[in-house]
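Here is the structure we will look at, set down as structure tokens.
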Amino acid sequence: MVPVIKLFITDIDHTLFSPEKGIPHANLEAIWALQASGVKVAIATGRVHPGVRTIAKQLKLDVYGGYAISSNGGLTVACQNEAVVHEALIPLNELQKLVSLAGDLGLDMAVEQHETVLYQGPDESVAYDRDVVNVPVKASRHLLSELSTGAHKLEVKQAPHRNGVELDRFLAALPQRYSICRGHPTFLEVMAQGITKASGLEALCRLHGYSREETAAIGDGINDLELLAAAGLSAAPINARPLVKQQVDHLVPHVNDAGLSVFVKHILEENKRHR
């Protein structure tokens, strides 16, 4: 028997949301309809939590009792009341060591502290967070001295012309107790051990008593691979990375053409058939 989907998780950037067009209205309507049918919805993103609240409200996750999985699974929050469902921090003392190591190698960094993304490096390194995600950012000449709390993730970057050489050295010196997502040769994210977007899916399944087979997910990037593998049903837009497209059950149209809405329509039809 085909299971009814009870939990739907979507990536944000380049899946639900297009930097050129915002969220296609068809995607909004699809998410609203999905929730109205009784399916729980969560957004899962590499963005830090301050960068998801506006989209959560657009999707009416606060109205329907949805969730936000941010920092690649480092934090899962209920959108109705901001209650923490699951959290995994890099402790302050360890974060300081990571920042010191990256600084010694001349790498750029960004980390959220108290709802603001502090960054050490050129302004363009946080242009997407600042201009598209609309997260408060603050330049820091000496990031290590401004850290006061642990973090759900640390971004480490270097100029494209360096071809990731220093990032390779950073990884070689890194203890194995962290999760690493390297979405590009010159950009990586460090999370607590075992943390990926799939951590959010697992936390929500525990909370609601859902089985893996009762979940569906859609995403486009390298940081979505574990989530898509963990979900019972998976999809990717045709603009997704090649490795992602090889893994999923369904390919849907480009994000600019509201491919997510096509996947949601399929789920709604199948749920109706098998209820």
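Residues in the structure tokens are named by chain (A, B, ... in the order shown) and by number from 1 within that chain; ligands are numbered from 1 in the order shown.
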
At most 12 Å is the cut-off: for each residue in stretch 63-115 of chain A with any atom that close to an atom of stretch 227-237 of chain A, write down the nearest atom pair and the distance in Å rounded to one decimal, counting only C-alpha atoms, chain first then increasing number, as CSV.
```
residue,atom,partner,partner_atom,distance
A:Ile69,CA,A:Leu227,CA,11.1
A:Asn72,CA,A:Leu227,CA,9.7
A:Gly73,CA,A:Leu227,CA,9.5
```

Could you turn the residues from that selection into a file that holds N, CA, C and O atoms, as a PDB file, in the first residue's frame?
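This went into part_2.pdb:
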```pdb
ATOM      1  N   ILE A  69      13.574  24.447   9.628  1.00  0.00           N
ATOM      2  CA  ILE A  69      14.849  23.765   9.887  1.00  0.00           C
ATOM      3  C   ILE A  69      15.921  24.655   9.272  1.00  0.00           C
ATOM      4  O   ILE A  69      15.992  24.805   8.051  1.00  0.00           O
ATOM      5  N   ASN A  72      21.287  24.193   8.094  1.00  0.00           N
ATOM      6  CA  ASN A  72      21.532  22.812   7.649  1.00  0.00           C
ATOM      7  C   ASN A  72      21.201  21.772   8.720  1.00  0.00           C
ATOM      8  O   ASN A  72      21.893  20.766   8.853  1.00  0.00           O
ATOM      9  N   GLY A  73      20.135  22.025   9.471  1.00  0.00           N
ATOM     10  CA  GLY A  73      19.709  21.059  10.491  1.00  0.00           C
ATOM     11  C   GLY A  73      20.165  21.385  11.895  1.00  0.00           C
ATOM     12  O   GLY A  73      19.792  20.683  12.839  1.00  0.00           O
TER      13      GLY A  73
END
```

DSSP alpha helix (DSSP H) selection over stretch 110-180 of chain A, as a PDB file with N, CA and C atoms, in the first residue's frame:
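The resulting selection16.pdb:
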```
ATOM      1  N   ALA A 127      27.037  39.028   0.523  1.00  0.00           N
ATOM      2  CA  ALA A 127      26.086  39.798  -0.277  1.00  0.00           C
ATOM      3  C   ALA A 127      24.726  39.124  -0.366  1.00  0.00           C
ATOM      4  N   TYR A 128      24.709  37.790  -0.517  1.00  0.00           N
ATOM      5  CA  TYR A 128      23.425  37.085  -0.636  1.00  0.00           C
ATOM      6  C   TYR A 128      22.636  37.175   0.668  1.00  0.00           C
ATOM      7  N   LEU A 143      37.202  38.484  14.087  1.00  0.00           N
ATOM      8  CA  LEU A 143      35.994  37.748  14.456  1.00  0.00           C
ATOM      9  C   LEU A 143      36.146  37.000  15.776  1.00  0.00           C
ATOM     10  N   LEU A 144      37.320  36.433  15.993  1.00  0.00           N
ATOM     11  CA  LEU A 144      37.538  35.625  17.191  1.00  0.00           C
ATOM     12  C   LEU A 144      37.194  36.403  18.459  1.00  0.00           C
ATOM     13  N   SER A 145      37.536  37.671  18.504  1.00  0.00           N
ATOM     14  CA  SER A 145      37.316  38.473  19.713  1.00  0.00           C
ATOM     15  C   SER A 145      35.848  38.830  19.926  1.00  0.00           C
ATOM     16  N   GLU A 146      35.011  38.670  18.898  1.00  0.00           N
ATOM     17  CA  GLU A 146      33.602  39.042  19.006  1.00  0.00           C
ATOM     18  C   GLU A 146      32.682  37.862  19.282  1.00  0.00           C
ATOM     19  N   VAL A 165      42.447  25.879  -2.193  1.00  0.00           N
ATOM     20  CA  VAL A 165      43.673  25.306  -1.631  1.00  0.00           C
ATOM     21  C   VAL A 165      43.686  25.423  -0.108  1.00  0.00           C
ATOM     22  N   GLU A 166      43.404  26.619   0.415  1.00  0.00           N
ATOM     23  CA  GLU A 166      43.408  26.804   1.869  1.00  0.00           C
ATOM     24  C   GLU A 166      42.255  26.058   2.540  1.00  0.00           C
ATOM     25  N   LEU A 167      41.129  25.935   1.836  1.00  0.00           N
ATOM     26  CA  LEU A 167      40.020  25.153   2.397  1.00  0.00           C
ATOM     27  C   LEU A 167      40.420  23.688   2.549  1.00  0.00           C
ATOM     28  N   ASP A 168      41.181  23.174   1.593  1.00  0.00           N
ATOM     29  CA  ASP A 168      41.686  21.809   1.721  1.00  0.00           C
ATOM     30  C   ASP A 168      42.548  21.670   2.967  1.00  0.00           C
ATOM     31  N   ARG A 169      43.390  22.661   3.225  1.00  0.00           N
ATOM     32  CA  ARG A 169      44.246  22.635   4.415  1.00  0.00           C
ATOM     33  C   ARG A 169      43.408  22.739   5.689  1.00  0.00           C
ATOM     34  N   PHE A 170      42.376  23.562   5.652  1.00  0.00           N
ATOM     35  CA  PHE A 170      41.476  23.690   6.795  1.00  0.00           C
ATOM     36  C   PHE A 170      40.837  22.343   7.115  1.00  0.00           C
ATOM     37  N   LEU A 171      40.331  21.675   6.099  1.00  0.00           N
ATOM     38  CA  LEU A 171      39.691  20.378   6.298  1.00  0.00           C
ATOM     39  C   LEU A 171      40.670  19.334   6.814  1.00  0.00           C
ATOM     40  N   ALA A 172      41.882  19.370   6.310  1.00  0.00           N
ATOM     41  CA  ALA A 172      42.891  18.390   6.731  1.00  0.00           C
ATOM     42  C   ALA A 172      43.226  18.542   8.215  1.00  0.00           C
ATOM     43  N   ALA A 173      43.122  19.762   8.726  1.00  0.00           N
ATOM     44  CA  ALA A 173      43.452  20.013  10.136  1.00  0.00           C
ATOM     45  C   ALA A 173      42.239  19.911  11.054  1.00  0.00           C
TER      46      ALA A 173
END
```

For this session: Tell me which of A:Leu174, A:Leu7, A:Leu243, A:Val252 sits closest to A:Leu101, counting only C-alpha atoms.
Result: A:Leu174

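In terms of minimum interatomic distance to A:Gly164, A:Asp108 ranks closest within A:Asp257, A:Glu29, A:Asp13, A:Asp108, counting only C-alpha atoms.
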
For this session: Compile the contact shell of stretch 195-197 of chain A as number ranges by chain: residues with an atom at most 12 Å away, counting only C-alpha atoms, same-chain residues fewer than 6 positions apart removed.
Result: A: 9-11, 42-47, 68-76, 86-90, 152-153, 177-181, 189, 203-204, 217-219, 221-231

Wanna dump the stretch 98-121 of chain A-stretch 50-55 of chain A contacts at 10 Å for me, each residue with its shortest atom pair and the distance in Å to one decimal, counting only C-alpha atoms, ordered by chain and number, as CSV?
```
residue,atom,partner,partner_atom,distance
A:Glu112,CA,A:Pro50,CA,9.1
A:His114,CA,A:Pro50,CA,9.6
A:Glu115,CA,A:Pro50,CA,6.0
A:Thr116,CA,A:Pro50,CA,8.0
A:Val117,CA,A:Pro50,CA,9.4
```

May I have the residues within 8 Å of A:Glu155 as a PDB file with N, CA, C and O atoms, in the first residue's frame, using only C-alpha atoms and disregarding those fewer than 5 positions away in the same chain?
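Result file follows (out_33.pdb):
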```pdb
ATOM      1  N   MET A 109      35.219  34.148   6.858  1.00  0.00           N
ATOM      2  CA  MET A 109      34.285  33.404   7.708  1.00  0.00           C
ATOM      3  C   MET A 109      33.023  34.208   7.939  1.00  0.00           C
ATOM      4  O   MET A 109      33.022  35.437   7.830  1.00  0.00           O
ATOM      5  N   ALA A 110      31.948  33.496   8.275  1.00  0.00           N
ATOM      6  CA  ALA A 110      30.704  34.133   8.690  1.00  0.00           C
ATOM      7  C   ALA A 110      30.022  33.231   9.705  1.00  0.00           C
ATOM      8  O   ALA A 110      30.004  32.009   9.537  1.00  0.00           O
ATOM      9  N   VAL A 111      29.468  33.835  10.758  1.00  0.00           N
ATOM     10  CA  VAL A 111      28.806  33.058  11.799  1.00  0.00           C
ATOM     11  C   VAL A 111      27.737  33.926  12.458  1.00  0.00           C
ATOM     12  O   VAL A 111      27.940  35.132  12.669  1.00  0.00           O
ATOM     13  N   PHE A 187      33.825  27.119  -0.772  1.00  0.00           N
ATOM     14  CA  PHE A 187      32.850  27.434   0.264  1.00  0.00           C
ATOM     15  C   PHE A 187      32.442  26.170   0.994  1.00  0.00           C
ATOM     16  O   PHE A 187      32.110  25.165   0.365  1.00  0.00           O
ATOM     17  N   LEU A 188      32.484  26.198   2.319  1.00  0.00           N
ATOM     18  CA  LEU A 188      31.994  25.053   3.088  1.00  0.00           C
ATOM     19  C   LEU A 188      31.335  25.535   4.368  1.00  0.00           C
ATOM     20  O   LEU A 188      31.538  26.670   4.818  1.00  0.00           O
ATOM     21  N   GLU A 189      30.530  24.644   4.949  1.00  0.00           N
ATOM     22  CA  GLU A 189      29.834  24.923   6.197  1.00  0.00           C
ATOM     23  C   GLU A 189      30.164  23.824   7.192  1.00  0.00           C
ATOM     24  O   GLU A 189      30.199  22.647   6.836  1.00  0.00           O
ATOM     25  N   VAL A 190      30.396  24.231   8.418  1.00  0.00           N
ATOM     26  CA  VAL A 190      30.726  23.303   9.501  1.00  0.00           C
ATOM     27  C   VAL A 190      29.578  23.292  10.494  1.00  0.00           C
ATOM     28  O   VAL A 190      29.150  24.345  10.978  1.00  0.00           O
TER      29      VAL A 190
END
```

Problem set entry | Residues within 10 Å of A:Ser211, only C-alpha atoms, excluding chain neighbours under 4 positions, as number ranges by chain | A: 3, 5-7, 202, 205-206, 215, 231-232
